[in-house]
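K.L.:
To be precise about what I am sending: the file is called final.txt and holds compact mmCIF, C-alpha atoms.
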```txt
# COMPACT_ATOMS: atom_id res chain seq x y z
CA MET J 1 -2.58 5.28 -23.11
CA GLN J 2 -3.16 5.58 -19.38
CA PRO J 3 -5.00 2.79 -17.58
CA GLU J 4 -8.52 3.43 -16.35
CA LEU J 5 -8.82 3.64 -12.58
CA THR J 6 -11.03 0.63 -11.85
CA ASN J 7 -11.31 -2.03 -9.16
CA THR J 8 -9.49 -4.39 -11.54
CA TYR J 9 -6.58 -1.95 -11.85
CA LEU J 10 -6.41 -1.56 -8.06
CA ASP J 11 -6.45 -5.36 -7.75
CA GLN J 12 -3.42 -5.49 -10.08
CA ILE J 13 -1.55 -3.09 -7.80
CA GLN J 14 -2.58 -5.06 -4.71
CA ASN J 15 -1.52 -8.33 -6.34
CA ALA J 16 1.95 -6.88 -6.88
CA PHE J 17 2.10 -6.07 -3.15
CA ASN J 18 1.01 -9.62 -2.30
CA LYS J 19 3.65 -11.10 -4.64
CA HIS J 20 6.27 -8.88 -2.96
CA ASP J 21 7.31 -7.78 -6.47
CA VAL J 22 8.82 -4.38 -5.68
CA ASP J 23 9.67 -3.58 -9.31
CA GLU J 24 6.09 -4.26 -10.37
CA ILE J 25 4.72 -2.24 -7.45
CA LEU J 26 6.88 0.72 -8.39
CA SER J 27 5.74 0.51 -12.03
CA TYR J 28 2.34 1.76 -10.81
CA PHE J 29 3.86 4.77 -9.00
CA SER J 30 4.89 8.15 -10.42
CA ASP J 31 8.52 9.18 -10.07
CA ASN J 32 7.75 11.81 -7.41
CA CYS J 33 5.20 9.74 -5.47
CA ILE J 34 4.80 9.74 -1.72
CA TRP J 35 3.74 7.02 0.67
CA ILE J 36 2.54 8.04 4.11
CA MET J 37 2.95 4.93 6.22
CA ALA J 38 0.65 3.75 8.99
CA LYS J 39 3.28 4.22 11.67
CA GLY J 40 6.55 5.97 12.19
CA PRO J 41 8.43 8.55 14.21
CA HIS J 42 6.86 11.78 12.95
CA SER J 43 3.64 13.31 14.21
CA PRO J 44 0.99 13.41 12.91
CA ASP J 45 1.80 11.44 9.74
CA GLY J 46 4.03 8.64 11.00
CA ARG J 47 6.64 8.13 8.30
CA THR J 48 6.59 9.53 4.78
CA CYS J 49 8.59 7.94 1.98
CA VAL J 50 9.26 10.14 -1.04
CA GLY J 51 10.10 8.83 -4.50
CA LYS J 52 10.44 5.36 -5.96
CA ASN J 53 13.89 4.69 -4.52
CA GLU J 54 12.87 5.29 -0.91
CA ILE J 55 9.59 3.41 -1.35
CA GLY J 56 11.41 0.50 -2.99
CA ASP J 57 14.01 0.34 -0.22
CA THR J 58 11.27 0.45 2.43
CA LEU J 59 9.28 -2.33 0.76
CA ASN J 60 12.34 -4.56 0.32
CA ALA J 61 13.18 -4.15 4.01
CA ARG J 62 9.58 -4.82 5.03
CA TYR J 63 9.33 -8.02 2.99
CA LYS J 64 12.58 -9.29 4.51
CA GLU J 65 11.25 -8.60 8.02
CA ILE J 66 7.76 -9.98 7.25
CA PRO J 67 8.23 -12.65 4.56
CA ASP J 68 4.58 -13.74 4.58
CA MET J 69 2.98 -10.27 4.63
CA ARG J 70 -0.26 -10.25 2.66
CA TRP J 71 -3.44 -8.25 2.15
CA GLU J 72 -6.76 -10.08 2.11
CA ASP J 73 -10.50 -9.38 1.99
CA ILE J 74 -9.85 -6.36 -0.22
CA ARG J 75 -12.55 -3.91 -1.29
CA HIS J 76 -12.07 -0.81 -3.46
CA TRP J 77 -13.93 2.40 -4.23
CA THR J 78 -12.84 4.76 -7.03
CA PHE J 79 -13.61 8.42 -7.58
CA ASP J 80 -13.26 10.47 -10.81
CA GLN J 81 -10.07 8.72 -12.07
CA THR J 82 -7.94 10.56 -9.49
CA LYS J 83 -8.79 9.03 -6.11
CA ALA J 84 -9.55 5.64 -4.61
CA ILE J 85 -9.93 3.90 -1.28
CA SER J 86 -8.95 0.31 -0.58
CA GLU J 87 -9.99 -1.51 2.59
CA TRP J 88 -8.26 -4.75 3.57
CA ILE J 89 -6.95 -6.96 6.31
CA VAL J 90 -3.15 -7.14 6.43
CA ARG J 91 -1.60 -10.22 7.99
CA GLY J 92 1.94 -11.36 8.59
CA SER J 93 4.45 -13.01 10.88
CA PRO J 94 7.46 -10.75 11.43
CA ILE J 95 10.75 -12.50 12.15
CA ASP J 96 11.19 -12.76 15.94
CA LYS J 97 7.80 -11.11 16.65
CA GLU J 98 4.18 -12.12 17.11
CA PRO J 99 1.96 -12.54 14.03
CA PHE J 100 -0.47 -9.71 13.32
CA SER J 101 -3.82 -9.17 11.63
CA TYR J 102 -5.01 -5.56 11.19
CA LEU J 103 -7.97 -3.98 9.46
CA GLY J 104 -6.75 -1.07 7.37
CA CYS J 105 -7.19 1.12 4.35
CA ASP J 106 -5.24 3.04 1.75
CA LEU J 107 -6.25 6.45 0.48
CA TRP J 108 -4.89 6.63 -3.08
CA GLU J 109 -4.29 9.59 -5.39
CA PHE J 110 -3.53 9.14 -9.10
CA LYS J 111 -2.39 11.27 -12.00
CA ASP J 112 -2.21 9.92 -15.54
CA GLY J 113 -2.94 6.44 -14.19
CA LEU J 114 0.00 6.42 -11.76
CA VAL J 115 -0.03 6.58 -7.97
CA THR J 116 1.08 9.98 -6.73
CA LYS J 117 0.14 9.40 -3.09
CA LYS J 118 -0.61 6.35 -0.95
CA ASP J 119 -1.76 7.14 2.59
CA THR J 120 -2.04 4.00 4.75
CA TYR J 121 -4.02 3.50 7.96
CA TRP J 122 -4.56 0.41 10.09
CA LYS J 123 -6.25 -0.40 13.37
CA MET J 124 -4.00 -1.82 16.06
CA VAL J 125 -6.10 -3.55 18.67
CA GLU J 126 -4.31 -4.05 21.99
```
Spit out the file's structure as structure tokens when you get a sec.
P.N.:
Amino acid sequence: MQPELTNTYLDQIQNAFNKHDVDEILSYFSDNCIWIMAKGPHSPDGRTCVGKNEIGDTLNARYKEIPDMRWEDIRHWTFDQTKAISEWIVRGSPIDKEPFSYLGCDLWEFKDGLVTKKDTYWKMVE
């Protein structure tokens, strides 16, 4: 039975990100999922990770670089069991870099209760 797309379900996914539990995070994603990251080398999307292996490798590297990365003040909106939006503030202190605090959002797409696409945006105030 597929989970219902609710704020509680989105909180479970977000909690996995905050625990830095990559295996748990990936359990919410479909095998052929994509994650369009907030920044990266390719215009206009930034960086796109495809599939659980690439997403897992990217998350493991990120959590090593930013060991205290966390998402706070989270709000969710869900639409017809296939789409959702999450707004949050992401904070962290990268190794050898200045701490950050950015307002951002994720645009989620789901099929059969699993994430098929996560498109991330954040504001970088300079």
K.L.:
Which polymer residues, whether protein, DNA or RNA, lie within 12 Å of the coordinate (8.2, -5.4, -6.4) when you count all atoms listed in the file? List them as a ChimeraX atom specification, using the chain letters and numbers from the file.
P.N.:
/J:13-29,52-53,55-63
K.L.:
Counting only C-alpha atoms, find the residues whose atoms lie at most 12 Å from (0.3, 11.6, 11.1) (file coordinates) and write them out as a short mmCIF file (atom, residue, chain, number, x, y, z; two decimals) with C-alpha atoms, keeping the file's coordinate frame.
P.N.:
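Once written, result_17.cif looks like this:
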```
data_model
loop_
_atom_site.label_atom_id
_atom_site.label_comp_id
_atom_site.auth_asym_id
_atom_site.auth_seq_id
_atom_site.Cartn_x
_atom_site.Cartn_y
_atom_site.Cartn_z
CA TRP J 35 3.74 7.02 0.67
CA ILE J 36 2.54 8.04 4.11
CA MET J 37 2.95 4.93 6.22
CA ALA J 38 0.65 3.75 8.99
CA LYS J 39 3.28 4.22 11.67
CA GLY J 40 6.55 5.97 12.19
CA PRO J 41 8.43 8.55 14.21
CA HIS J 42 6.86 11.78 12.95
CA SER J 43 3.64 13.31 14.21
CA PRO J 44 0.99 13.41 12.91
CA ASP J 45 1.80 11.44 9.74
CA GLY J 46 4.03 8.64 11.00
CA ARG J 47 6.64 8.13 8.30
CA THR J 48 6.59 9.53 4.78
CA ASP J 119 -1.76 7.14 2.59
CA THR J 120 -2.04 4.00 4.75
CA TYR J 121 -4.02 3.50 7.96
#
```
K.L.:
From the list J:Val90, J:Ala84, J:Ile74, J:Ile95, which residue is nearest Leu107 in chain J when using all atoms listed in the file?
P.N.:
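Among J:Val90, J:Ala84, J:Ile74, J:Ile95, it is J:Ala84 that comes nearest to Leu107 in chain J.
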K.L.:
Rounded to one decimal, what separation in Å do you get between CA of Glu109 in chain J and CA of Thr82 in chain J?
P.N.:
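One can read the CA of Glu109 in chain J to CA of Thr82 in chain J distance as 5.6 Å.
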K.L.:
What gap, in Å, lies between CA of Ser86 in chain J and CA of Lys123 in chain J?
P.N.:
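The value is 14.2 Å.
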K.L.:
Could you give me the centre and size, in Å to one decimal, of an axis-aligned box around all listed atoms of range 67-71 of chain J with 5 Å added on every side, as JSON?
P.N.:
```
{"center_x": 2.4, "center_y": -11.0, "center_z": 3.4, "size_x": 21.7, "size_y": 15.5, "size_z": 12.5}
```
K.L.:
I need the residue nearest Met124 in chain J from this list: J:Gly104, J:Pro99, J:Gly51, J:Pro94. Use only C-alpha atoms for the distance.
P.N.:
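Looking at the shortest contact to Met124 in chain J, the residue is J:Gly104.
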K.L.:
When you draw a straight line from CA of Asn32 in chain J to CA of Thr78 in chain J, how long is it in Å?
P.N.:
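Spanning CA of Asn32 in chain J to CA of Thr78 in chain J is a straight-line distance of 21.8 Å.
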K.L.:
Which residue, J:Tyr9, J:Gly92, J:Glu87, J:Cys49, has the smallest gap to Ile66 in chain J when you use all atoms listed in the file?
P.N.:
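Of all the options, J:Gly92 lies closest to Ile66 in chain J.
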K.L.:
Measuring between all atoms listed in the file, which one of J:Glu54, J:Asp31, J:Asp80, J:Glu98 shows the shortest distance to Val115 in chain J?
P.N.:
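Closest residue, counting all atoms listed in the file: J:Asp31.
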K.L.:
Tell me, as a list in words, which residues lie within 9 Å of Gln81 in chain J, counting all atoms listed in the file; anything in the same chain fewer than 4 positions away does not count.
P.N.:
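Near neighbours after the sequence-gap exclusion: Glu4, Leu5, Thr6, Glu109, Phe110, Lys111, Asp112 and Gly113 of chain J.
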K.L.:
Nearest to Tyr102 in chain J among J:Met1, J:Ile89, J:Ile34, J:Leu10, with distances taken over all atoms listed in the file: which residue is it?
P.N.:
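So, comparing all the options, the nearest one is J:Ile89.
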